[in-house]
file my_file-v5.txt (compact mmCIF, C-alpha atoms)
# COMPACT_ATOMS: atom_id res chain seq x y z
CA MET G 21 0.00 0.00 0.00
CA LEU G 22 0.93 3.63 -0.15
CA GLY G 23 0.36 3.83 3.60
CA ILE G 24 -3.12 3.85 5.16
CA ARG G 25 -5.75 2.20 2.94
CA GLY G 26 -8.09 4.32 0.90
CA ARG G 27 -8.35 7.40 -1.25
CA ARG G 28 -6.99 9.80 1.32
CA CYS G 29 -3.78 7.82 1.48
CA HIS G 30 -3.36 7.83 -2.27
CA ASN G 31 -4.04 11.55 -2.40
CA ALA G 32 -1.54 12.26 0.38
CA ALA G 33 1.12 10.16 -1.30
CA MET G 34 0.50 11.84 -4.62
CA GLN G 35 0.63 15.27 -3.02
CA ALA G 36 4.01 14.39 -1.53
CA GLN G 37 5.28 13.32 -4.93
CA ASN G 38 3.87 16.44 -6.59
CA GLN G 39 5.65 18.61 -4.06
CA PHE G 40 8.90 16.71 -4.58
CA PHE G 41 8.60 17.10 -8.34
CA GLN G 42 7.77 20.80 -8.09
CA SER G 43 10.91 21.33 -6.01
CA GLY G 44 12.88 20.78 -9.22
CA ILE G 45 15.20 18.14 -7.77
CA THR G 46 14.29 15.48 -10.33
CA ARG G 47 15.02 17.83 -13.24
CA ASP G 48 18.68 18.06 -12.29
CA LEU G 49 20.73 15.91 -14.66
CA GLY G 50 23.17 14.95 -11.93
CA PHE G 51 20.32 13.73 -9.73
CA ARG G 52 18.86 11.63 -12.53
CA LEU G 53 22.19 9.99 -13.31
CA GLN G 54 22.81 9.32 -9.64
CA GLN G 55 19.41 7.63 -9.23
CA LEU G 56 19.82 5.51 -12.36
CA ARG G 57 23.21 4.31 -11.13
CA LYS G 58 21.65 3.51 -7.78
CA LEU G 59 18.84 1.51 -9.42
CA ARG G 60 21.40 -0.45 -11.43
CA ALA G 61 23.40 -1.19 -8.28
CA VAL G 62 20.24 -2.29 -6.43
CA LEU G 63 19.38 -4.71 -9.25
CA GLN G 64 22.87 -6.20 -9.17
CA GLU G 65 22.80 -6.46 -5.38
CA HIS G 66 19.46 -8.32 -5.44
CA GLU G 67 20.22 -10.63 -8.38
CA GLN G 68 19.70 -13.83 -6.42
CA ASP G 69 16.58 -12.43 -4.73
CA ILE G 70 15.16 -11.69 -8.19
CA TYR G 71 15.82 -15.25 -9.35
CA ARG G 72 14.14 -16.65 -6.22
CA ALA G 73 11.06 -14.44 -6.54
CA LEU G 74 10.56 -15.29 -10.21
CA HIS G 75 11.00 -18.98 -9.46
CA GLU G 76 8.37 -18.79 -6.71
CA ASP G 77 5.87 -16.98 -8.93
CA LEU G 78 6.41 -18.71 -12.29
CA ARG G 79 9.01 -21.43 -11.70
CA LYS G 80 11.07 -19.30 -14.06
CA PRO G 81 14.51 -20.80 -14.78
CA ALA G 82 17.51 -18.65 -13.86
CA PHE G 83 18.55 -18.27 -17.51
CA GLU G 84 15.10 -16.99 -18.48
CA ALA G 85 15.04 -14.74 -15.42
CA TYR G 86 18.27 -13.13 -16.55
CA ALA G 87 17.65 -13.10 -20.30
CA GLY G 88 14.05 -11.90 -20.07
CA GLU G 89 14.17 -9.67 -17.02
CA LEU G 90 17.33 -8.76 -15.11
CA GLY G 91 19.69 -8.66 -18.09
CA ILE G 92 17.35 -6.36 -20.01
CA LEU G 93 17.09 -3.98 -17.06
CA LEU G 94 20.85 -3.84 -16.59
CA GLU G 95 21.31 -3.04 -20.28
CA GLU G 96 18.55 -0.41 -20.23
CA THR G 97 20.01 1.38 -17.21
CA LYS G 98 23.46 1.27 -18.81
CA HIS G 99 22.06 2.68 -22.05
CA ALA G 100 20.14 5.45 -20.27
CA ILE G 101 23.18 6.48 -18.22
CA LYS G 102 25.35 6.58 -21.33
CA HIS G 103 22.95 8.64 -23.45
CA LEU G 104 21.05 10.78 -20.94
CA LYS G 105 23.13 13.92 -21.46
CA SER G 106 22.55 13.86 -25.21
CA TRP G 107 18.84 13.11 -24.74
CA ALA G 108 18.45 16.07 -22.40
CA LYS G 109 20.41 18.51 -24.54
CA PRO G 110 18.21 21.28 -26.01
CA ARG G 111 17.84 21.35 -29.78
CA ARG G 112 17.62 24.36 -32.08
CA PRO G 113 15.43 23.42 -35.06
CA SER G 114 15.39 25.44 -38.25
CA LEU G 115 12.20 27.49 -38.67
CA GLY G 116 12.56 28.32 -42.32
CA LEU G 117 12.68 31.67 -44.07
CA VAL G 118 9.03 32.48 -43.42
CA HIS G 119 9.71 32.90 -39.68
CA TRP G 120 12.91 34.94 -40.05
CA PRO G 121 14.35 36.45 -37.86
CA ALA G 122 12.78 34.24 -35.18
CA SER G 123 14.65 31.34 -33.57
CA ALA G 124 13.42 28.25 -31.73
CA ARG G 125 14.64 26.05 -28.93
CA VAL G 126 13.25 22.61 -28.05
CA THR G 127 13.79 21.39 -24.50
CA GLN G 128 12.83 18.02 -23.06
CA GLU G 129 10.52 18.42 -20.04
CA PRO G 130 9.32 15.69 -17.64
CA TYR G 131 5.59 15.12 -17.23
CA GLY G 132 5.57 15.04 -13.43
CA VAL G 133 4.20 12.05 -11.50
CA ALA G 134 3.79 8.85 -13.53
CA LEU G 135 1.74 5.75 -12.70
CA ILE G 136 3.24 2.48 -14.00
CA LEU G 137 0.97 -0.58 -14.07
CA SER G 138 2.65 -3.89 -14.89
CA PRO G 139 1.50 -7.46 -15.71
CA TRP G 140 2.51 -10.75 -14.14
CA ASN G 141 4.36 -12.55 -16.95
CA TYR G 142 7.57 -10.50 -16.68
CA PRO G 143 6.70 -8.90 -13.35
CA ILE G 144 10.04 -7.22 -12.69
CA GLN G 145 11.21 -6.19 -16.16
CA LEU G 146 7.83 -4.81 -17.29
CA LEU G 147 7.57 -2.68 -14.15
CA LEU G 148 11.10 -1.40 -13.80
CA GLY G 149 11.73 -0.97 -17.54
CA PRO G 150 9.23 1.90 -17.82
CA LEU G 151 10.56 3.23 -14.51
CA ILE G 152 14.02 3.63 -16.06
CA GLY G 153 12.52 5.87 -18.74
CA ALA G 154 10.53 7.83 -16.17
CA MET G 155 13.62 8.40 -14.00
CA ALA G 156 15.79 9.34 -16.97
CA ALA G 157 13.23 11.95 -18.02
CA GLY G 158 13.06 13.47 -14.53
CA ASN G 159 9.70 12.18 -13.32
CA CYS G 160 8.48 10.82 -10.02
CA ALA G 161 6.65 7.49 -10.17
CA VAL G 162 4.15 5.23 -8.45
CA LEU G 163 4.66 1.56 -9.27
CA LYS G 164 1.78 -0.92 -9.23
CA PRO G 165 3.10 -4.49 -9.57
CA SER G 166 0.77 -7.34 -10.47
CA GLU G 167 -0.87 -9.09 -7.53
CA LEU G 168 -0.67 -12.35 -9.54
CA ALA G 169 3.12 -12.42 -9.02
CA PRO G 170 3.16 -11.74 -5.25
CA HIS G 171 6.77 -12.71 -4.52
CA SER G 172 8.06 -10.40 -7.24
CA ALA G 173 5.75 -7.61 -6.05
CA ALA G 174 6.97 -7.95 -2.47
CA LEU G 175 10.60 -7.93 -3.58
CA ILE G 176 10.12 -4.80 -5.70
CA HIS G 177 8.39 -3.10 -2.77
CA ARG G 178 11.35 -3.89 -0.54
CA MET G 179 14.03 -2.94 -3.07
CA ILE G 180 12.43 0.40 -3.89
CA ASN G 181 11.41 1.41 -0.38
CA GLU G 182 14.84 0.61 1.06
CA ASN G 183 16.69 2.65 -1.54
CA PHE G 184 14.49 5.51 -2.76
CA PRO G 185 12.37 8.07 -0.89
CA LYS G 186 8.62 7.52 -1.26
CA GLU G 187 8.11 11.06 -2.44
CA TYR G 188 10.29 10.13 -5.43
CA ILE G 189 9.33 6.50 -6.17
CA ASP G 190 6.59 4.63 -4.35
CA VAL G 191 5.16 1.12 -4.67
CA ALA G 192 1.44 0.37 -4.31
CA GLU G 193 0.68 -3.29 -3.74
CA GLY G 194 -2.82 -4.75 -3.87
CA GLY G 195 -5.43 -6.03 -6.29
CA VAL G 196 -8.21 -4.56 -8.40
CA PRO G 197 -9.65 -2.21 -5.71
CA GLU G 198 -6.24 -0.64 -5.09
CA THR G 199 -5.67 -0.22 -8.84
CA GLN G 200 -9.07 1.41 -9.23
CA LYS G 201 -8.26 3.89 -6.48
CA LEU G 202 -4.97 4.73 -8.16
CA LEU G 203 -6.71 5.32 -11.47
CA GLU G 204 -8.98 7.87 -9.84
CA GLN G 205 -6.00 10.10 -9.15
CA PRO G 206 -4.92 12.82 -11.61
CA PHE G 207 -1.51 11.43 -12.57
CA ASP G 208 0.54 13.32 -15.14
CA TYR G 209 1.23 10.17 -17.16
CA ILE G 210 0.13 6.51 -17.10
CA PHE G 211 2.07 3.57 -18.52
CA PHE G 212 0.09 0.33 -18.70
CA THR G 213 1.15 -3.10 -19.93
CA GLY G 214 -1.50 -5.81 -20.11
CA SER G 215 -4.66 -6.99 -21.83
CA PRO G 216 -6.86 -4.94 -24.17
CA ARG G 217 -9.80 -5.45 -21.76
CA VAL G 218 -8.01 -3.78 -18.86
CA GLY G 219 -6.37 -1.32 -21.24
CA LYS G 220 -9.81 0.06 -22.10
CA ILE G 221 -10.51 0.59 -18.39
CA VAL G 222 -7.19 2.39 -17.93
CA MET G 223 -7.78 4.55 -21.00
CA GLU G 224 -11.28 5.50 -19.81
CA ALA G 225 -9.92 6.48 -16.40
CA ALA G 226 -7.12 8.51 -18.00
CA ALA G 227 -9.60 10.32 -20.24
CA LYS G 228 -11.45 11.74 -17.22
CA ASN G 229 -8.33 13.73 -16.33
CA LEU G 230 -7.02 14.09 -19.91
CA THR G 231 -3.97 12.15 -18.76
CA PRO G 232 -1.57 11.13 -21.55
CA LEU G 233 -0.75 7.45 -21.50
CA THR G 234 1.02 4.55 -23.13
CA LEU G 235 -0.84 1.25 -23.61
CA GLU G 236 1.36 -1.76 -24.37
CA LEU G 237 -1.29 -4.37 -25.08
CA CYS G 238 -1.39 -8.00 -26.07
CA GLY G 239 -1.85 -9.35 -29.57
CA LYS G 240 -1.98 -12.54 -31.60
CA SER G 241 1.36 -13.00 -33.32
CA PRO G 242 1.42 -15.30 -36.37
CA CYS G 243 4.59 -17.11 -37.38
CA LEU G 244 4.94 -17.72 -41.11
CA VAL G 245 7.31 -20.37 -42.47
CA ASP G 246 7.49 -20.22 -46.26
CA ALA G 247 8.79 -22.79 -48.72
CA SER G 248 12.28 -21.25 -48.80
CA ALA G 249 12.85 -21.50 -45.03
CA ASP G 250 15.70 -23.44 -43.42
CA LEU G 251 13.52 -25.86 -41.44
CA ASN G 252 16.26 -26.80 -38.98
CA ALA G 253 16.78 -23.17 -38.00
CA ALA G 254 13.04 -22.46 -38.08
CA ALA G 255 12.26 -25.35 -35.73
CA ARG G 256 14.79 -24.25 -33.11
CA ARG G 257 13.82 -20.59 -33.28
CA ILE G 258 10.08 -21.22 -33.14
CA VAL G 259 10.33 -23.65 -30.22
CA TRP G 260 12.61 -21.29 -28.30
CA GLY G 261 10.44 -18.24 -28.93
CA LYS G 262 7.16 -20.02 -28.20
CA PHE G 263 8.02 -21.97 -25.07
CA PHE G 264 10.28 -19.41 -23.36
CA ASN G 265 8.48 -18.62 -20.07
CA ALA G 266 6.02 -21.43 -20.92
CA GLY G 267 4.58 -19.34 -23.73
CA GLN G 268 3.53 -16.52 -21.41
CA THR G 269 5.03 -13.79 -23.60
CA CYS G 270 3.02 -11.24 -25.57
CA VAL G 271 5.29 -11.47 -28.63
CA ALA G 272 5.59 -15.27 -28.62
CA PRO G 273 4.46 -17.04 -31.81
CA ASP G 274 0.73 -17.55 -31.26
CA TYR G 275 0.05 -19.80 -34.24
CA LEU G 276 2.09 -21.25 -37.09
CA LEU G 277 1.37 -20.96 -40.82
CA VAL G 278 3.35 -23.42 -42.95
CA PRO G 279 2.87 -24.92 -46.44
CA LYS G 280 1.38 -28.42 -46.36
CA ALA G 281 4.39 -29.74 -48.24
CA SER G 282 6.71 -28.64 -45.43
CA ALA G 283 4.43 -29.16 -42.42
CA GLY G 284 5.23 -32.80 -41.69
CA VAL G 285 8.98 -32.29 -41.82
CA LEU G 286 8.82 -29.14 -39.71
CA ILE G 287 6.65 -30.82 -37.07
CA GLU G 288 9.12 -33.71 -36.76
CA LYS G 289 12.00 -31.29 -36.41
CA MET G 290 10.11 -29.32 -33.75
CA ARG G 291 9.44 -32.53 -31.81
CA ALA G 292 13.15 -33.27 -31.88
CA VAL G 293 13.98 -29.75 -30.69
CA LEU G 294 11.48 -30.04 -27.83
CA HIS G 295 13.28 -33.18 -26.69
CA ASP G 296 16.63 -31.46 -27.10
CA PHE G 297 15.51 -28.47 -25.03
CA PHE G 298 13.45 -30.17 -22.30
CA GLY G 299 14.31 -33.89 -22.34
CA ASP G 300 12.02 -36.92 -22.15
CA ASP G 301 9.77 -35.28 -19.55
CA PRO G 302 9.59 -31.45 -19.64
CA GLN G 303 7.87 -31.48 -16.25
CA LYS G 304 11.16 -32.60 -14.72
CA SER G 305 13.24 -30.12 -16.72
CA PRO G 306 14.79 -27.24 -14.72
CA ASP G 307 14.51 -25.14 -17.89
CA TYR G 308 10.71 -25.08 -18.20
CA ALA G 309 8.47 -22.59 -16.38
CA ARG G 310 4.93 -23.02 -15.02
CA ILE G 311 1.53 -21.40 -15.61
CA VAL G 312 1.03 -18.45 -13.31
CA ASN G 313 -2.15 -19.63 -11.52
CA ALA G 314 -5.06 -22.07 -11.53
CA ALA G 315 -7.39 -19.80 -13.52
CA HIS G 316 -4.96 -19.49 -16.42
CA PHE G 317 -4.20 -23.22 -16.20
CA GLN G 318 -7.90 -24.01 -16.63
CA ARG G 319 -8.28 -21.54 -19.50
CA LEU G 320 -5.33 -23.07 -21.35
CA SER G 321 -6.47 -26.64 -20.69
CA GLU G 322 -9.66 -25.93 -22.63
CA TYR G 323 -7.60 -25.03 -25.70
CA LEU G 324 -6.08 -28.53 -25.73
CA LYS G 325 -9.52 -29.94 -26.65
CA GLN G 326 -9.75 -27.83 -29.80
CA GLY G 327 -7.37 -29.75 -32.05
CA LYS G 328 -5.24 -32.85 -32.46
CA ILE G 329 -2.26 -33.17 -30.12
CA LEU G 330 0.86 -33.52 -32.26
CA ALA G 331 3.32 -33.25 -29.36
CA GLY G 332 2.96 -32.70 -25.63
CA GLY G 333 -0.56 -32.27 -24.27
CA ARG G 334 0.13 -33.54 -20.75
CA THR G 335 -1.13 -31.47 -17.81
CA ASP G 336 -0.81 -31.44 -14.02
CA ALA G 337 -3.15 -29.01 -12.28
CA GLN G 338 -1.45 -29.28 -8.90
CA ASP G 339 1.91 -28.36 -10.46
CA ARG G 340 0.34 -25.77 -12.84
CA TYR G 341 2.13 -27.69 -15.59
CA ILE G 342 1.12 -27.85 -19.24
CA ALA G 343 3.60 -29.60 -21.50
CA PRO G 344 4.94 -27.71 -24.52
CA THR G 345 2.25 -28.65 -27.03
CA LEU G 346 1.91 -28.66 -30.81
CA LEU G 347 -1.74 -28.63 -31.91
CA GLY G 348 -2.95 -29.61 -35.38
CA GLY G 349 -6.31 -29.75 -37.13
CA VAL G 350 -7.50 -26.54 -35.53
CA LYS G 351 -10.48 -24.70 -37.02
CA THR G 352 -9.91 -21.00 -37.66
CA ASP G 353 -13.03 -20.04 -35.68
CA ALA G 354 -11.98 -22.03 -32.60
CA PRO G 355 -11.28 -19.95 -29.46
CA VAL G 356 -7.63 -21.02 -29.54
CA MET G 357 -7.37 -19.22 -32.91
CA GLN G 358 -9.47 -16.21 -31.92
CA GLU G 359 -8.01 -15.39 -28.49
CA GLU G 360 -4.46 -14.70 -27.42
CA ILE G 361 -3.18 -18.03 -26.10
CA PHE G 362 -0.53 -16.78 -23.69
CA GLY G 363 0.62 -20.28 -22.88
CA PRO G 364 2.63 -23.28 -24.17
CA ILE G 365 0.23 -24.30 -26.95
CA LEU G 366 1.11 -23.76 -30.62
CA PRO G 367 -1.60 -24.36 -33.25
CA ILE G 368 -0.24 -25.31 -36.66
call {"tool": "encode", "arguments": {"input": "my_file-v5.txt", "output": "structure tokens"}}
result
Amino acid sequence: MLGIRGRRCHNAAMQAQNQFFQSGITRDLGFRLQQLRKLRAVLQEHEQDIYRALHEDLRKPAFEAYAGELGILLEETKHAIKHLKSWAKPRRPSLGLVHWPASARVTQEPYGVALILSPWNYPIQLLLGPLIGAMAAGNCAVLKPSELAPHSAALIHRMINENFPKEYIDVAEGGVPETQKLLEQPFDYIFFTGSPRVGKIVMEAAAKNLTPLTLELCGKSPCLVDASADLNAAARRIVWGKFFNAGQTCVAPDYLLVPKASAGVLIEKMRAVLHDFFGDDPQKSPDYARIVNAAHFQRLSEYLKQGKILAGGRTDAQDRYIAPTLLGGVKTDAPVMQEEIFGPILPI
């Protein structure tokens, strides 16, 4: 929470952040660089804590935790620190002869207090990634981690609160009621990552205060393999991209389009790659993640009934395990082809 439950608490916290922003401290380039370096150091200091939290929430393997979360954040902070001075430098654009003898100067100004709402599938990277941009630009921020990844949310709360003043960066834990209360507040900017359904709610709330926002929403990403493709390379790349984080990635291949003449060969190669990556029993593999919760497990299990299992298909509700699955004979109007899958099922 931001302190005491309820709207008054959120207002008080936001007032404190507004006052801190209006003081001008966050606009100072030296301050911004100092805070970005501190964030990078905090991430490095808590590397093992991050791996543990992600394993508790998603059974995420250490390699995936680094490659998909921590490593990205370390690179983004490094990039921001390296380029911040050039980003912040005022520009003098040409106005053209019609405006002579006038001159112009473009300066980069922070919005103020930003609200960052993150999802559960990459609960650390998709929350702190936008924060890096907010800090680099000179904003204050309120972070709302997903309640569906509670260990990651608790770790972020601890890391931020122990290293940054609340009037600069604060963390608001909780579920839907807490998010709704946050959305009632007149933030200067909102950054939301998640589903189109919730994105519409966020956008409606932002419109009431004319708050600018970024919506990074889900999609349904086709993967096309044409007749000229190297099927060995295609099989490895598709399997890696699809089943990384057990398919719970918004840009993972959602379904596969392949010529009939190549389909049989490609499927056999993908089966071989699945064995190469995860062994005889992926459930015992230390390199394969789990479904985030029972509700998503049940949703995904229904998709398995909508086609012919070509590989995988095994499930274990108690372990939130769904084997990496190739699905054939799927009708285009089936829910698995109309909805974002967000799991380890690949229709072909």
call {"tool": "closest_atom_pairs", "arguments": {"input": "my_file-v5.txt", "of": "region 273-358 of chain G", "to": "region 237-258 of chain G", "cutoff": "12 Å", "atoms": "all atoms listed in the file", "output": "CSV"}}
result
residue,atom,partner,partner_atom,distance
G:Pro273,CA,G:Ser241,CA,5.3
G:Asp274,CA,G:Ser241,CA,5.0
G:Tyr275,CA,G:Pro242,CA,5.2
G:Leu276,CA,G:Cys243,CA,4.8
G:Leu277,CA,G:Leu244,CA,4.8
G:Val278,CA,G:Val245,CA,5.0
G:Pro279,CA,G:Asp246,CA,6.6
G:Lys280,CA,G:Ala247,CA,9.6
G:Ala281,CA,G:Ala247,CA,8.2
G:Ser282,CA,G:Ala247,CA,7.0
G:Ala283,CA,G:Val245,CA,9.2
G:Gly284,CA,G:Leu251,CA,10.8
G:Val285,CA,G:Leu251,CA,7.9
G:Leu286,CA,G:Leu251,CA,6.0
G:Ile287,CA,G:Ala255,CA,7.9
G:Glu288,CA,G:Ala255,CA,9.0
G:Lys289,CA,G:Ala255,CA,6.0
G:Met290,CA,G:Ala255,CA,4.9
G:Arg291,CA,G:Ala255,CA,8.7
G:Ala292,CA,G:Ala255,CA,8.9
G:Val293,CA,G:Arg256,CA,6.1
G:Leu294,CA,G:Arg256,CA,8.5
G:His295,CA,G:Arg256,CA,11.1
G:Asp296,CA,G:Arg256,CA,9.6
G:Phe297,CA,G:Arg256,CA,9.1
G:Pro344,CA,G:Ile258,CA,12.0
G:Leu346,CA,G:Ile258,CA,11.3
G:Val356,CA,G:Lys240,CA,10.4
G:Met357,CA,G:Lys240,CA,8.7
G:Gln358,CA,G:Lys240,CA,8.3
call {"tool": "axis_aligned_box", "arguments": {"input": "my_file-v5.txt", "around": "region 234-245 of chain G", "padding_each_side": "8 Å", "output": "AutoDock Vina command-line options"}}
result
--center_x 2.7 --center_y -7.9 --center_z -32.8 --size_x 25.3 --size_y 40.9 --size_z 35.3
call {"tool": "closest_residue", "arguments": {"input": "my_file-v5.txt", "among": "G:Asn38, G:Gly91, G:Glu84, G:Gly267", "to": "Gln64 (chain G)", "atoms": "only C-alpha atoms"}}
result
G:Gly91
call {"tool": "residues_around", "arguments": {"input": "my_file-v5.txt", "residues": "Cys270 (chain G)", "least_positions_apart": "2", "cutoff": "12 Å", "atoms": "all atoms listed in the file", "output": "PyMOL selection string"}}
result
chain G and resi 139-142+146+213-216+236-242+261-268+272-274+360-363
call {"tool": "atom_distance", "arguments": {"input": "my_file-v5.txt", "atom1": "CA of Ala33 (chain G)", "atom2": "CA of Ala226 (chain G)"}}
result
18.7 Å
call {"tool": "residues_near_point", "arguments": {"input": "my_file-v5.txt", "point": "(5.2, -20.4, -11.2)", "cutoff": "6 Å", "atoms": "all atoms listed in the file", "output": "PDB file with C-alpha atoms, keeping the file's coordinate frame"}}
result
ATOM      1  CA  GLU G  76       8.370 -18.790  -6.710  1.00  0.00           C
ATOM      2  CA  ASP G  77       5.870 -16.980  -8.930  1.00  0.00           C
ATOM      3  CA  LEU G  78       6.410 -18.710 -12.290  1.00  0.00           C
ATOM      4  CA  ARG G  79       9.010 -21.430 -11.700  1.00  0.00           C
ATOM      5  CA  ARG G 310       4.930 -23.020 -15.020  1.00  0.00           C
ATOM      6  CA  ILE G 311       1.530 -21.400 -15.610  1.00  0.00           C
ATOM      7  CA  VAL G 312       1.030 -18.450 -13.310  1.00  0.00           C
TER       8      VAL G 312
END
call {"tool": "residues_around", "arguments": {"input": "my_file-v5.txt", "residues": "Tyr86 (chain G)", "least_positions_apart": "4", "cutoff": "12 Å", "atoms": "all atoms listed in the file", "output": "CSV table (one decimal) with C-alpha atoms, in the coordinates of the input"}}
result
chain,number,residue,atom,x,y,z
G,63,LEU,CA,19.4,-4.7,-9.2
G,64,GLN,CA,22.9,-6.2,-9.2
G,67,GLU,CA,20.2,-10.6,-8.4
G,68,GLN,CA,19.7,-13.8,-6.4
G,69,ASP,CA,16.6,-12.4,-4.7
G,70,ILE,CA,15.2,-11.7,-8.2
G,71,TYR,CA,15.8,-15.2,-9.4
G,72,ARG,CA,14.1,-16.6,-6.2
G,74,LEU,CA,10.6,-15.3,-10.2
G,75,HIS,CA,11.0,-19.0,-9.5
G,80,LYS,CA,11.1,-19.3,-14.1
G,81,PRO,CA,14.5,-20.8,-14.8
G,82,ALA,CA,17.5,-18.6,-13.9
G,90,LEU,CA,17.3,-8.8,-15.1
G,91,GLY,CA,19.7,-8.7,-18.1
G,92,ILE,CA,17.4,-6.4,-20.0
G,93,LEU,CA,17.1,-4.0,-17.1
G,94,LEU,CA,20.8,-3.8,-16.6
G,95,GLU,CA,21.3,-3.0,-20.3
G,142,TYR,CA,7.6,-10.5,-16.7
G,144,ILE,CA,10.0,-7.2,-12.7
G,145,GLN,CA,11.2,-6.2,-16.2
G,265,ASN,CA,8.5,-18.6,-20.1
call {"tool": "atom_distance", "arguments": {"input": "my_file-v5.txt", "atom1": "CA of Leu168 (chain G)", "atom2": "CA of Gly195 (chain G)"}}
result
8.6 Å
call {"tool": "atom_distance", "arguments": {"input": "my_file-v5.txt", "atom1": "CA of Ala157 (chain G)", "atom2": "CA of Ala169 (chain G)"}}
result
27.9 Å
call {"tool": "residues_near_point", "arguments": {"input": "my_file-v5.txt", "point": "(-3.4, -27.9, -10.3)", "cutoff": "12 Å", "atoms": "only C-alpha atoms", "output": "short mmCIF file (atom, residue, chain, number, x, y, z; two decimals) with C-alpha atoms, in the coordinates of the input"}}
result
data_model
loop_
_atom_site.label_atom_id
_atom_site.label_comp_id
_atom_site.auth_asym_id
_atom_site.auth_seq_id
_atom_site.Cartn_x
_atom_site.Cartn_y
_atom_site.Cartn_z
CA ARG G 310 4.93 -23.02 -15.02
CA ILE G 311 1.53 -21.40 -15.61
CA VAL G 312 1.03 -18.45 -13.31
CA ASN G 313 -2.15 -19.63 -11.52
CA ALA G 314 -5.06 -22.07 -11.53
CA ALA G 315 -7.39 -19.80 -13.52
CA HIS G 316 -4.96 -19.49 -16.42
CA PHE G 317 -4.20 -23.22 -16.20
CA GLN G 318 -7.90 -24.01 -16.63
CA SER G 321 -6.47 -26.64 -20.69
CA THR G 335 -1.13 -31.47 -17.81
CA ASP G 336 -0.81 -31.44 -14.02
CA ALA G 337 -3.15 -29.01 -12.28
CA GLN G 338 -1.45 -29.28 -8.90
CA ASP G 339 1.91 -28.36 -10.46
CA ARG G 340 0.34 -25.77 -12.84
CA TYR G 341 2.13 -27.69 -15.59
CA ILE G 342 1.12 -27.85 -19.24
#
call {"tool": "residues_around", "arguments": {"input": "my_file-v5.txt", "residues": "Phe184 (chain G)", "least_positions_apart": "4", "cutoff": "12 Å", "atoms": "all atoms listed in the file", "output": "list in words"}}
result
Gln54, Gln55, Leu56, Lys58, Leu59, Val62, Met155, Cys160, Ala161, Val162, Ile176, His177, Arg178, Met179, Ile180, Tyr188, Ile189, Asp190 and Val191 of chain G
call {"tool": "closest_residue", "arguments": {"input": "my_file-v5.txt", "among": "G:Ser166, G:Thr127, G:Ser305, G:Thr97", "to": "Arg57 (chain G)", "atoms": "only C-alpha atoms"}}
result
G:Thr97
call {"tool": "closest_residue", "arguments": {"input": "my_file-v5.txt", "among": "G:Ala108, G:Ala73, G:Ala174, G:Ala354", "to": "Lys325 (chain G)", "atoms": "only C-alpha atoms"}}
result
G:Ala354
call {"tool": "closest_residue", "arguments": {"input": "my_file-v5.txt", "among": "G:Tyr323, G:Trp260, G:Tyr209, G:Phe298", "to": "Leu235 (chain G)", "atoms": "only C-alpha atoms"}}
result
G:Tyr209
call {"tool": "residues_around", "arguments": {"input": "my_file-v5.txt", "residues": "Lys105 (chain G)", "least_positions_apart": "3", "cutoff": "12 Å", "atoms": "all atoms listed in the file", "output": "MDAnalysis selection string"}}
result
chainID G and resid 48:50 52:53 99:102 108:110 128 156:157
